[in-house]
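Text of protein15.cif (mmCIF, C-alpha atoms) as supplied:
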```
data_data
loop_
_atom_site.label_atom_id
_atom_site.label_comp_id
_atom_site.auth_asym_id
_atom_site.auth_seq_id
_atom_site.Cartn_x
_atom_site.Cartn_y
_atom_site.Cartn_z
CA MET A 114 -2.37 0.61 -42.21
CA ASP A 115 0.13 3.32 -41.39
CA LEU A 116 -2.08 4.46 -38.49
CA LEU A 117 -2.21 0.92 -37.10
CA ILE A 118 1.57 0.57 -37.28
CA ARG A 119 1.94 3.96 -35.61
CA ILE A 120 -0.43 2.92 -32.80
CA LEU A 121 1.31 -0.44 -32.26
CA LYS A 122 4.70 1.26 -32.20
CA ALA A 123 3.48 3.83 -29.69
CA PHE A 124 1.98 1.08 -27.52
CA TRP A 125 5.25 -0.87 -27.51
CA GLN A 126 7.29 2.23 -26.67
CA GLY A 127 4.97 3.06 -23.79
CA ALA A 128 4.88 -0.49 -22.41
CA THR A 129 8.67 -0.78 -22.55
CA HIS A 130 9.43 2.67 -21.18
CA LYS A 131 12.22 2.52 -18.62
CA THR A 132 9.94 3.78 -15.84
CA VAL A 133 7.35 1.07 -16.52
CA LEU A 134 10.02 -1.62 -16.71
CA GLN A 135 11.64 -0.43 -13.50
CA MET A 136 8.31 -0.53 -11.72
CA THR A 137 7.69 -4.02 -13.11
CA ALA A 138 11.03 -5.18 -11.69
CA ILE A 139 10.10 -3.67 -8.33
CA PHE A 140 6.71 -5.39 -8.35
CA ILE A 141 8.37 -8.75 -9.06
CA LEU A 142 10.93 -8.32 -6.27
CA ALA A 143 8.25 -7.04 -3.86
CA GLY A 144 6.12 -10.11 -4.56
CA ALA A 145 9.09 -12.43 -4.07
CA PHE A 146 10.04 -10.74 -0.81
CA ALA A 147 6.52 -10.91 0.58
CA GLY A 148 6.21 -14.57 -0.47
CA ILE A 149 9.50 -15.70 1.09
CA ALA A 150 8.92 -13.62 4.23
CA GLY A 151 5.57 -15.32 4.72
CA GLN A 152 7.10 -18.74 4.07
CA ILE A 153 9.78 -18.39 6.76
CA GLY A 154 7.26 -17.11 9.31
CA ALA A 155 8.47 -13.51 9.38
CA VAL A 156 4.93 -12.11 9.21
CA ASP A 157 3.65 -14.33 12.03
CA ALA A 158 6.68 -13.47 14.16
CA THR A 159 6.14 -9.75 13.63
CA VAL A 160 2.48 -10.03 14.61
CA ALA A 161 3.21 -12.10 17.70
CA ALA A 162 6.11 -9.90 18.83
CA THR A 163 4.05 -6.73 18.51
CA LEU A 164 1.00 -8.06 20.34
CA ARG A 165 3.04 -9.63 23.16
CA LEU A 166 4.37 -6.22 24.08
CA LEU A 167 0.92 -4.77 24.70
CA PRO A 168 -1.34 -4.87 27.77
CA ALA A 169 -4.97 -5.93 27.29
CA LYS A 170 -6.28 -2.36 27.55
CA MET A 171 -4.19 -1.41 24.53
CA LEU A 172 -5.43 -4.26 22.35
CA TYR A 173 -7.28 -2.12 19.79
CA ALA A 174 -4.44 0.40 19.53
CA GLY A 175 -1.95 -2.45 19.40
CA LEU A 176 -3.80 -4.20 16.61
CA PHE A 177 -3.87 -0.94 14.67
CA LEU A 178 -0.14 -0.37 15.24
CA THR A 179 0.61 -3.97 14.30
CA SER A 180 -1.23 -3.53 11.00
CA CYS A 181 0.56 -0.22 10.39
CA ILE A 182 3.98 -1.72 11.08
CA ILE A 183 3.44 -4.80 8.95
CA SER A 184 1.90 -2.89 6.04
CA PHE A 185 4.76 -0.40 6.16
CA SER A 186 7.25 -3.28 6.18
CA VAL A 187 5.75 -5.41 3.42
CA GLY A 188 4.29 -2.58 1.35
CA THR A 189 1.00 -4.31 0.65
CA SER A 190 -2.37 -3.78 2.26
CA VAL A 191 -3.67 -7.13 1.00
CA GLY A 192 -0.69 -8.98 2.49
CA THR A 193 -1.26 -7.27 5.83
CA ILE A 194 -4.95 -8.11 5.79
CA VAL A 195 -4.15 -11.75 5.05
CA ALA A 196 -1.64 -11.88 7.92
CA VAL A 197 -3.55 -10.05 10.65
CA THR A 198 -7.26 -10.55 9.92
CA PRO A 199 -7.32 -14.18 11.18
CA ILE A 200 -5.79 -13.02 14.47
CA ALA A 201 -8.31 -10.18 14.74
CA ALA A 202 -11.16 -12.61 14.04
CA GLY A 203 -9.88 -15.02 16.69
CA ILE A 204 -9.57 -12.27 19.29
CA ALA A 205 -13.09 -11.05 18.47
CA ALA A 206 -14.46 -14.57 18.95
CA ASP A 207 -12.67 -15.01 22.29
CA THR A 208 -13.54 -11.58 23.71
CA GLY A 209 -16.99 -10.96 22.24
CA VAL A 210 -15.87 -7.75 20.51
CA GLY A 211 -17.71 -6.89 17.28
CA LEU A 212 -16.00 -8.62 14.37
CA PRO A 213 -16.54 -5.82 11.80
CA PHE A 214 -14.97 -3.37 14.26
CA MET A 215 -11.89 -5.58 14.73
CA VAL A 216 -11.50 -6.20 11.01
CA GLY A 217 -11.93 -2.47 10.35
CA ILE A 218 -8.95 -1.78 12.62
CA VAL A 219 -6.80 -4.14 10.59
CA VAL A 220 -7.92 -2.84 7.19
CA GLY A 221 -7.40 0.76 8.31
CA GLY A 222 -3.87 0.03 9.51
CA ALA A 223 -3.18 -1.87 6.29
CA PHE A 224 -3.81 1.27 4.26
CA PHE A 225 -1.32 3.19 6.39
CA GLY A 226 1.49 1.19 4.80
CA ASP A 227 -0.16 1.15 1.40
CA ASN A 228 0.07 4.93 1.45
CA LEU A 229 3.48 5.35 3.09
CA SER A 230 5.62 2.23 2.68
CA PHE A 231 8.82 2.63 0.68
CA ILE A 232 8.03 -0.59 -1.20
CA SER A 233 4.30 -0.08 -1.72
CA ASP A 234 3.28 -0.19 -5.38
CA THR A 235 1.03 2.86 -4.94
CA THR A 236 3.87 4.87 -3.42
CA LEU A 237 6.24 3.73 -6.13
CA ALA A 238 3.75 4.73 -8.82
CA ALA A 239 3.10 8.14 -7.26
CA THR A 240 6.77 9.03 -6.79
CA LYS A 241 7.69 7.90 -10.29
CA ALA A 242 4.81 9.87 -11.82
CA LEU A 243 5.74 13.10 -10.01
CA ARG A 244 9.50 12.44 -10.31
CA VAL A 245 10.28 12.84 -6.65
CA GLU A 246 12.45 10.86 -4.26
CA MET A 247 10.72 8.30 -2.10
CA LYS A 248 12.06 9.72 1.16
CA ASP A 249 10.94 13.26 0.22
CA LYS A 250 7.41 12.10 -0.55
CA PHE A 251 7.38 10.18 2.73
CA LYS A 252 8.41 13.21 4.78
CA ALA A 253 5.69 15.38 3.20
CA ASN A 254 3.06 12.63 3.38
CA ILE A 255 3.68 11.62 7.00
CA LEU A 256 3.15 15.20 8.18
CA THR A 257 -0.28 15.22 6.50
CA VAL A 258 -1.49 11.88 7.91
CA LEU A 259 0.07 12.15 11.37
CA PRO A 260 -3.03 13.82 12.89
CA ALA A 261 -5.14 10.93 11.52
CA VAL A 262 -2.82 8.38 13.15
CA ILE A 263 -2.93 10.20 16.49
CA LEU A 264 -6.73 10.54 16.42
CA CYS A 265 -7.12 6.85 15.56
CA LEU A 266 -4.85 5.82 18.41
CA ALA A 267 -6.83 8.05 20.78
CA ILE A 268 -10.11 6.47 19.67
CA TYR A 269 -8.76 2.94 20.07
CA LEU A 270 -7.13 3.68 23.43
CA ILE A 271 -10.36 5.13 24.84
CA ALA A 272 -12.36 2.18 23.50
CA GLY A 273 -9.79 -0.26 24.91
CA PHE A 274 -9.84 1.18 28.40
CA LYS A 275 -13.63 0.92 28.44
CA ALA A 276 -13.51 -2.73 27.37
CA ASP A 277 -12.85 -5.72 29.62
CA MET A 278 -10.87 -8.38 27.79
CA ILE A 279 -7.89 -10.70 27.95
CA ILE A 280 -5.46 -11.15 25.07
CA PRO A 281 -5.30 -14.84 24.09
CA GLU A 282 -2.03 -16.74 24.43
CA LEU A 283 0.38 -16.30 21.55
CA SER A 284 3.38 -18.45 20.75
CA GLN A 285 6.83 -17.10 21.61
CA PRO A 286 8.05 -15.29 18.51
CA GLN A 287 11.46 -16.20 17.09
CA LEU A 288 13.37 -12.93 17.08
CA SER A 289 15.46 -14.08 14.11
CA ARG A 290 12.33 -13.90 11.96
CA LEU A 291 12.12 -10.16 12.54
CA ILE A 292 15.50 -9.47 10.91
CA PRO A 293 14.27 -9.08 7.28
CA TYR A 294 11.54 -6.60 8.20
CA ILE A 295 13.77 -4.60 10.52
CA LEU A 296 16.42 -4.47 7.79
CA VAL A 297 13.92 -3.30 5.17
CA ILE A 298 12.63 -0.52 7.42
CA VAL A 299 16.12 0.70 8.38
CA LEU A 300 17.38 0.69 4.78
CA ALA A 301 14.24 2.43 3.56
CA LEU A 302 14.53 5.17 6.16
CA CYS A 303 18.17 5.62 5.13
CA GLY A 304 17.06 6.35 1.57
CA VAL A 305 18.55 3.25 -0.08
CA ASN A 306 17.27 2.46 -3.60
CA VAL A 307 14.10 0.38 -3.56
CA LEU A 308 15.52 -2.35 -5.80
CA LYS A 309 18.52 -2.69 -3.50
CA ILE A 310 16.25 -2.78 -0.44
CA LEU A 311 14.15 -5.58 -1.86
CA GLY A 312 17.21 -7.52 -3.03
CA ILE A 313 18.82 -7.27 0.40
CA GLY A 314 15.51 -8.16 2.05
CA ILE A 315 15.17 -11.31 -0.06
CA ILE A 316 18.75 -12.35 0.73
CA ALA A 317 18.09 -11.76 4.44
CA CYS A 318 14.95 -13.92 4.26
CA VAL A 319 16.86 -16.74 2.58
CA ILE A 320 19.67 -16.61 5.15
CA VAL A 321 17.23 -16.58 8.07
CA GLY A 322 15.21 -19.40 6.54
CA LEU A 323 18.31 -21.59 6.10
CA VAL A 324 20.06 -20.76 9.38
CA TYR A 325 16.93 -20.81 11.56
CA PRO A 326 14.56 -23.38 9.99
CA ALA A 327 11.07 -23.58 11.45
CA ASP A 328 11.47 -27.33 11.84
CA ALA A 329 14.87 -28.85 12.63
CA ALA A 330 13.83 -31.99 10.72
CA HIS A 331 13.56 -30.07 7.45
CA THR A 332 16.43 -30.54 5.01
CA VAL A 333 18.14 -27.66 3.24
CA ALA A 334 16.59 -28.84 -0.02
CA ARG A 335 13.09 -28.81 1.44
CA ILE A 336 13.56 -25.41 3.05
CA SER A 337 14.94 -23.99 -0.20
CA GLY A 338 12.04 -25.50 -2.12
CA ASP A 339 9.50 -24.00 0.28
CA MET A 340 11.08 -20.55 -0.02
CA ALA A 341 11.23 -20.83 -3.81
CA MET A 342 7.56 -21.78 -3.87
CA GLY A 343 6.74 -18.84 -1.59
CA ALA A 344 8.62 -16.47 -3.89
CA TRP A 345 6.81 -17.90 -6.93
CA HIS A 346 3.38 -17.45 -5.36
CA GLY A 347 4.36 -13.94 -4.29
CA VAL A 348 5.34 -13.01 -7.84
CA LEU A 349 2.15 -14.60 -9.19
CA GLY A 350 0.19 -12.38 -6.81
CA MET A 351 1.75 -9.37 -8.55
CA THR A 352 0.91 -10.62 -12.07
CA GLN A 353 -2.29 -8.59 -12.41
CA VAL A 354 -0.63 -5.35 -11.37
CA ILE A 355 2.35 -6.04 -13.66
CA ILE A 356 0.16 -6.74 -16.69
CA VAL A 357 -2.01 -3.70 -16.03
CA ALA A 358 1.10 -1.53 -15.59
CA LEU A 359 2.45 -2.63 -18.97
CA VAL A 360 -0.92 -2.20 -20.70
CA ALA A 361 -1.52 1.17 -19.02
CA GLY A 362 1.92 2.41 -20.07
CA GLY A 363 1.28 1.35 -23.65
CA ALA A 364 -2.28 2.65 -23.81
CA LEU A 365 -1.39 6.03 -22.34
CA ASN A 366 1.43 6.45 -24.84
CA VAL A 367 -1.04 5.70 -27.66
CA ILE A 368 -3.38 8.35 -26.28
CA LYS A 369 -0.49 10.82 -26.25
CA GLU A 370 0.54 9.85 -29.79
CA VAL A 371 -2.91 10.45 -31.31
CA GLY A 372 -3.32 13.75 -29.46
CA TRP A 373 -6.14 12.79 -27.10
CA PHE A 374 -3.95 13.18 -24.06
CA ASP A 375 -3.05 16.81 -24.79
CA ALA A 376 -6.69 17.62 -25.49
CA PHE A 377 -7.74 16.06 -22.19
CA VAL A 378 -5.07 17.95 -20.23
CA ASN A 379 -5.94 21.24 -21.89
CA ALA A 380 -9.65 20.77 -21.16
CA LEU A 381 -8.86 20.15 -17.50
CA LEU A 382 -6.56 23.13 -17.24
CA LYS A 383 -9.30 25.42 -18.55
CA VAL A 384 -11.49 24.71 -15.51
CA VAL A 385 -8.67 24.89 -12.97
CA ASN A 386 -8.20 28.10 -11.01
CA GLY A 387 -5.22 28.38 -8.68
CA GLN A 388 -3.23 25.77 -6.79
CA ARG A 389 -6.18 24.68 -4.66
CA GLY A 390 -8.31 23.96 -7.71
CA ALA A 391 -5.43 22.21 -9.48
CA MET A 392 -4.82 19.87 -6.55
CA ALA A 393 -8.57 19.23 -6.19
CA VAL A 394 -8.76 18.19 -9.84
CA ILE A 395 -5.86 15.77 -9.32
CA ALA A 396 -7.58 14.28 -6.27
CA ALA A 397 -10.88 13.95 -8.13
CA MET A 398 -9.23 12.37 -11.19
CA VAL A 399 -7.47 9.63 -9.27
CA SER A 400 -10.57 8.94 -7.17
CA VAL A 401 -12.88 8.54 -10.19
CA VAL A 402 -10.41 6.33 -12.07
CA ASN A 403 -9.93 4.26 -8.91
CA MET A 404 -13.67 3.67 -8.66
CA MET A 405 -13.69 2.45 -12.26
CA THR A 406 -10.63 0.20 -12.00
CA ALA A 407 -10.92 -0.90 -8.32
CA ASN A 408 -7.13 -0.72 -8.15
CA ASN A 409 -5.32 2.24 -6.57
CA THR A 410 -2.01 1.51 -8.29
CA VAL A 411 -3.66 1.39 -11.70
CA ALA A 412 -5.48 4.65 -10.95
CA ILE A 413 -2.19 6.39 -10.16
CA LEU A 414 -0.52 4.93 -13.25
CA THR A 415 -3.42 6.16 -15.37
CA VAL A 416 -3.54 9.77 -14.17
CA GLY A 417 0.05 10.21 -13.00
CA GLY A 418 1.23 11.88 -16.19
CA VAL A 419 -1.67 14.33 -16.18
CA ALA A 420 -1.03 15.08 -12.51
CA TYR A 421 2.60 15.88 -13.28
CA ASP A 422 1.59 18.27 -16.08
CA ILE A 423 -0.91 20.05 -13.84
CA ALA A 424 1.59 20.23 -10.96
CA SER A 425 4.21 21.72 -13.28
CA LYS A 426 1.84 24.31 -14.76
CA PHE A 427 0.53 25.51 -11.38
CA LYS A 428 3.85 25.15 -9.54
CA LEU A 429 2.49 22.64 -7.06
CA ASP A 430 4.93 20.97 -4.68
CA PRO A 431 5.60 17.61 -6.42
CA ARG A 432 6.10 15.90 -3.05
CA GLN A 433 2.69 17.03 -1.82
CA THR A 434 1.12 16.20 -5.18
CA ALA A 435 2.51 12.65 -5.01
CA GLY A 436 1.09 12.38 -1.51
CA ILE A 437 -2.35 13.59 -2.62
CA LEU A 438 -2.38 11.09 -5.48
CA ASP A 439 -1.48 8.29 -3.09
CA MET A 440 -3.82 9.32 -0.27
CA PHE A 441 -6.94 9.77 -2.40
CA SER A 442 -6.31 6.54 -4.29
CA CYS A 443 -5.96 4.68 -0.98
CA LEU A 444 -9.00 6.42 0.50
CA THR A 445 -11.17 5.48 -2.48
CA GLN A 446 -9.82 1.93 -2.59
CA SER A 447 -10.53 1.41 1.12
CA LEU A 448 -14.20 2.31 0.63
CA LEU A 449 -14.85 0.03 -2.35
CA PRO A 450 -16.73 -3.13 -1.28
CA TYR A 451 -15.62 -4.67 -4.58
CA GLY A 452 -11.96 -3.79 -3.99
CA ALA A 453 -9.41 -6.53 -3.29
CA GLN A 454 -8.77 -5.41 0.28
CA LEU A 455 -12.36 -5.48 1.56
CA LEU A 456 -13.14 -8.62 -0.41
CA MET A 457 -10.15 -10.38 1.15
CA ALA A 458 -10.95 -9.14 4.67
CA SER A 459 -14.62 -10.12 4.41
CA ALA A 460 -13.73 -13.56 3.07
CA LEU A 461 -11.23 -14.26 5.87
CA ALA A 462 -13.58 -13.01 8.60
CA GLY A 463 -16.79 -14.41 7.11
CA ILE A 464 -18.63 -11.09 7.16
CA SER A 465 -20.00 -8.59 4.63
CA ALA A 466 -17.52 -6.21 2.99
CA VAL A 467 -20.06 -3.40 3.31
CA GLY A 468 -20.28 -4.03 7.06
CA ILE A 469 -16.58 -3.22 7.48
CA ILE A 470 -16.72 0.22 5.83
CA PRO A 471 -18.26 2.17 8.78
CA TRP A 472 -15.34 1.06 10.98
CA LEU A 473 -12.56 2.29 8.70
CA PHE A 474 -11.61 5.20 10.92
CA TYR A 475 -8.06 5.68 9.67
CA PRO A 476 -8.76 5.94 5.92
CA MET A 477 -11.62 8.38 6.58
CA LEU A 478 -9.50 10.53 8.90
CA MET A 479 -6.64 10.36 6.40
CA GLY A 480 -9.01 11.65 3.72
CA ILE A 481 -10.10 14.54 5.94
CA CYS A 482 -6.45 15.46 6.57
CA ALA A 483 -5.76 15.34 2.83
CA ILE A 484 -8.73 17.63 2.10
CA ILE A 485 -7.52 20.09 4.75
CA SER A 486 -4.06 20.12 3.16
CA ILE A 487 -5.68 21.03 -0.18
CA LEU A 488 -7.80 23.78 1.38
CA ARG A 489 -4.63 25.35 2.82
CA LEU A 490 -3.32 25.97 -0.70
CA PRO A 491 -3.83 29.37 -2.38
CA LYS A 492 -7.29 29.64 -3.97
CA ALA A 493 -6.10 31.67 -6.93
#
```
Step by step, read the file and then write its structure as structure tokens.
Amino acid sequence: MDLLIRILKAFWQGATHKTVLQMTAIFILAGAFAGIAGQIGAVDATVAATLRLLPAKMLYAGLFLTSCIISFSVGTSVGTIVAVTPIAAGIAADTGVGLPFMVGIVVGGAFFGDNLSFISDTTLAATKALRVEMKDKFKANILTVLPAVILCLAIYLIAGFKADMIIPELSQPQLSRLIPYILVIVLALCGVNVLKILGIGIIACVIVGLVYPADAAHTVARISGDMAMGAWHGVLGMTQVIIVALVAGGALNVIKEVGWFDAFVNALLKVVNGQRGAMAVIAAMVSVVNMMTANNTVAILTVGGVAYDIASKFKLDPRQTAGILDMFSCLTQSLLPYGAQLLMASALAGISAVGIIPWLFYPMLMGICAIISILRLPKA
């Protein structure tokens, strides 16, 4: 009986830890922001504005950049896939370009933001686990993935110049709809607290929605109701991650309390040799857990504490370690045909999830860059 009480107490303490609760608050606000932004047409406006700036020969590169920009702005790969995949599918149908290739461009760009966005749940989990500032992790991470971005753009530019196509007509974007995303990006780059960024972003969305309604015939009450419904659906979309975060926090604290956690860490440390080996173990851990959970955020939450202990023992740069956690979780998630991202993309495009995987150039190149960064560490 005493053991049961001890376990329940440990679970409660872990689930209500300030870090877990802070992340839960961020997930709720992120869901609300994404929901309201979609309701007022901010996502559609961002897509249209980006694509209208591009000539036909830069369509592939433009679609990739559009996905990168949106995913970085909204902090969710699934949200980006939902927003851009229908456009990619429509362009593929009009131009005769292979649909899996077009969808692969979108999914690849979506994982750019999933890995780097200041409001991405994976980034939040990684920075909290390694106890580093968001902007510091971003600076270290962007230097690692920049070659992958450049190579992807080169591939898409070459492919675009060889293709003969015309971009379909897009509606004139309302520039006012871009304000929330622009504000979020600027505040994030200035290092403002994530909770403040999301709060300001939500307020900006509400103001834009009320001042510039999509339909002049809509009343303030109807517009407010639509935005409230969008926020509600956005928060509901985060429910699974929130529940898993609370359960993971509680379960991991139980494991620590009964001594299993220390035994697991010590067993790992016995097989690690040098910084390179330590970072490789961290990458392998998050990848394996990600394959089992099919959720990159959950994978980071699960192994984050172990990663911090290993990084501390072997004096690894916590910013780089947070980046490795994030990159390998995103790489693994992008290659899972049973993951939410590929399932969503395949459902929207009406194609097989497995058929998209060969066209995920950016996640694969990102993974190669991450491996190279590990190999550059001291071997012993």
Can you check which parts of segment 180-244 of chain A lie within 10 Å of segment 134-150 of chain A? Per residue, the shortest pair of atoms and distance in Å to one decimal, counting all atoms listed in the file, sorted by chain and number, as a Markdown table.
```
| residue | atom | partner | partner_atom | distance |
| --- | --- | --- | --- | --- |
| A:Ser186 | CA | A:Ala147 | CA | 9.5 |
| A:Val187 | CA | A:Ala147 | CA | 6.2 |
| A:Gly188 | CA | A:Ala143 | CA | 7.9 |
| A:Thr189 | CA | A:Ala147 | CA | 8.6 |
| A:Gly192 | CA | A:Ala147 | CA | 7.7 |
| A:Ile232 | CA | A:Ala143 | CA | 7.0 |
| A:Ser233 | CA | A:Ala143 | CA | 8.3 |
| A:Asp234 | CA | A:Phe140 | CA | 6.9 |
| A:Leu237 | CA | A:Met136 | CA | 7.3 |
| A:Ala238 | CA | A:Met136 | CA | 7.5 |
| A:Lys241 | CA | A:Met136 | CA | 8.6 |
```
Specify the axis-aligned box that encloses all atoms of segment 171-177 of chain A listed in the file after padding of 6 Å on each side, stating its centre and edge lengths in Å to one decimal as JSON.
```
{"center_x": -4.6, "center_y": -1.9, "center_z": 19.6, "size_x": 17.3, "size_y": 16.7, "size_z": 21.9}
```
Could you spell out the hits of the PyMOL selection byres ((chain A and resi 266-274) around 7) on the shown file, as a CSV table (one decimal) with C-alpha atoms, keeping the file's coordinate frame?
```
chain,number,residue,atom,x,y,z
A,170,LYS,CA,-6.3,-2.4,27.6
A,171,MET,CA,-4.2,-1.4,24.5
A,172,LEU,CA,-5.4,-4.3,22.4
A,173,TYR,CA,-7.3,-2.1,19.8
A,174,ALA,CA,-4.4,0.4,19.5
A,262,VAL,CA,-2.8,8.4,13.2
A,263,ILE,CA,-2.9,10.2,16.5
A,264,LEU,CA,-6.7,10.5,16.4
A,265,CYS,CA,-7.1,6.8,15.6
A,275,LYS,CA,-13.6,0.9,28.4
A,276,ALA,CA,-13.5,-2.7,27.4
```
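Excluding Phe427 of chain A and any residue on its chain fewer than 6 positions from it, the residues at most 8 Å away by all atoms listed in the file are Gly387, Gln388 and Ala391 of chain A.
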Resolved residues for the PyMOL selection byres ((chain A and resi 393) around 12) as a PyMOL selection string = chain A and resi 381-382+384-392+394-400+420+423-424+429+434+437-438+441+483-492
Go ahead and find all residues with at least one atom no further than 10 Å from (-10.6, 7.3, 7.9) in the file's coordinates, using only C-alpha atoms; report them as a PyMOL selection string.
-> chain A and resi 221+224+261-262+264-265+444+447-448+470-482
Segment 463-484 of chain A rebuilt with N, CA and C atoms, output as a PDB file, in the coordinates of the input:
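Final output, saved to part.pdb:
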```pdb
ATOM      1  N   GLY A 463     -15.450 -13.870   7.279  1.00  0.00           N
ATOM      2  CA  GLY A 463     -16.790 -14.410   7.110  1.00  0.00           C
ATOM      3  C   GLY A 463     -17.887 -13.396   7.364  1.00  0.00           C
ATOM      4  N   ILE A 464     -17.634 -12.145   6.973  1.00  0.00           N
ATOM      5  CA  ILE A 464     -18.630 -11.090   7.160  1.00  0.00           C
ATOM      6  C   ILE A 464     -18.782 -10.311   5.855  1.00  0.00           C
ATOM      7  N   SER A 465     -19.756  -9.397   5.821  1.00  0.00           N
ATOM      8  CA  SER A 465     -20.000  -8.590   4.630  1.00  0.00           C
ATOM      9  C   SER A 465     -18.933  -7.506   4.486  1.00  0.00           C
ATOM     10  N   ALA A 466     -18.483  -7.275   3.245  1.00  0.00           N
ATOM     11  CA  ALA A 466     -17.520  -6.210   2.990  1.00  0.00           C
ATOM     12  C   ALA A 466     -18.109  -4.847   3.325  1.00  0.00           C
ATOM     13  N   VAL A 467     -19.393  -4.677   3.026  1.00  0.00           N
ATOM     14  CA  VAL A 467     -20.060  -3.400   3.310  1.00  0.00           C
ATOM     15  C   VAL A 467     -20.097  -3.133   4.809  1.00  0.00           C
ATOM     16  N   GLY A 468     -20.219  -4.191   5.611  1.00  0.00           N
ATOM     17  CA  GLY A 468     -20.280  -4.030   7.060  1.00  0.00           C
ATOM     18  C   GLY A 468     -18.980  -3.531   7.675  1.00  0.00           C
ATOM     19  N   ILE A 469     -17.878  -3.666   6.960  1.00  0.00           N
ATOM     20  CA  ILE A 469     -16.580  -3.220   7.480  1.00  0.00           C
ATOM     21  C   ILE A 469     -16.392  -1.721   7.294  1.00  0.00           C
ATOM     22  N   ILE A 470     -16.973  -1.174   6.228  1.00  0.00           N
ATOM     23  CA  ILE A 470     -16.720   0.220   5.830  1.00  0.00           C
ATOM     24  C   ILE A 470     -16.960   1.236   6.949  1.00  0.00           C
ATOM     25  N   PRO A 471     -18.049   1.158   7.731  1.00  0.00           N
ATOM     26  CA  PRO A 471     -18.260   2.170   8.780  1.00  0.00           C
ATOM     27  C   PRO A 471     -17.165   2.201   9.839  1.00  0.00           C
ATOM     28  N   TRP A 472     -16.364   1.148   9.936  1.00  0.00           N
ATOM     29  CA  TRP A 472     -15.340   1.060  10.980  1.00  0.00           C
ATOM     30  C   TRP A 472     -13.941   1.392  10.462  1.00  0.00           C
ATOM     31  N   LEU A 473     -13.855   1.924   9.270  1.00  0.00           N
ATOM     32  CA  LEU A 473     -12.560   2.290   8.700  1.00  0.00           C
ATOM     33  C   LEU A 473     -12.180   3.706   9.111  1.00  0.00           C
ATOM     34  N   PHE A 474     -11.889   3.867  10.377  1.00  0.00           N
ATOM     35  CA  PHE A 474     -11.610   5.200  10.920  1.00  0.00           C
ATOM     36  C   PHE A 474     -10.381   5.843  10.288  1.00  0.00           C
ATOM     37  N   TYR A 475      -9.295   5.070  10.165  1.00  0.00           N
ATOM     38  CA  TYR A 475      -8.060   5.680   9.670  1.00  0.00           C
ATOM     39  C   TYR A 475      -8.172   6.195   8.230  1.00  0.00           C
ATOM     40  N   PRO A 476      -8.659   5.398   7.280  1.00  0.00           N
ATOM     41  CA  PRO A 476      -8.760   5.940   5.920  1.00  0.00           C
ATOM     42  C   PRO A 476      -9.637   7.191   5.844  1.00  0.00           C
ATOM     43  N   MET A 477     -10.736   7.215   6.607  1.00  0.00           N
ATOM     44  CA  MET A 477     -11.620   8.380   6.580  1.00  0.00           C
ATOM     45  C   MET A 477     -10.924   9.613   7.164  1.00  0.00           C
ATOM     46  N   LEU A 478     -10.235   9.416   8.285  1.00  0.00           N
ATOM     47  CA  LEU A 478      -9.500  10.530   8.900  1.00  0.00           C
ATOM     48  C   LEU A 478      -8.352  10.982   8.005  1.00  0.00           C
ATOM     49  N   MET A 479      -7.700  10.022   7.345  1.00  0.00           N
ATOM     50  CA  MET A 479      -6.640  10.360   6.400  1.00  0.00           C
ATOM     51  C   MET A 479      -7.190  11.224   5.276  1.00  0.00           C
ATOM     52  N   GLY A 480      -8.376  10.870   4.774  1.00  0.00           N
ATOM     53  CA  GLY A 480      -9.010  11.650   3.720  1.00  0.00           C
ATOM     54  C   GLY A 480      -9.320  13.061   4.163  1.00  0.00           C
ATOM     55  N   ILE A 481      -9.809  13.207   5.400  1.00  0.00           N
ATOM     56  CA  ILE A 481     -10.100  14.540   5.940  1.00  0.00           C
ATOM     57  C   ILE A 481      -8.823  15.376   6.017  1.00  0.00           C
ATOM     58  N   CYS A 482      -7.736  14.755   6.486  1.00  0.00           N
ATOM     59  CA  CYS A 482      -6.450  15.460   6.570  1.00  0.00           C
ATOM     60  C   CYS A 482      -5.969  15.876   5.191  1.00  0.00           C
ATOM     61  N   ALA A 483      -6.176  15.015   4.191  1.00  0.00           N
ATOM     62  CA  ALA A 483      -5.760  15.340   2.830  1.00  0.00           C
ATOM     63  C   ALA A 483      -6.568  16.513   2.282  1.00  0.00           C
ATOM     64  N   ILE A 484      -7.872  16.520   2.557  1.00  0.00           N
ATOM     65  CA  ILE A 484      -8.730  17.630   2.100  1.00  0.00           C
ATOM     66  C   ILE A 484      -8.295  18.939   2.750  1.00  0.00           C
TER      67      ILE A 484
END
```
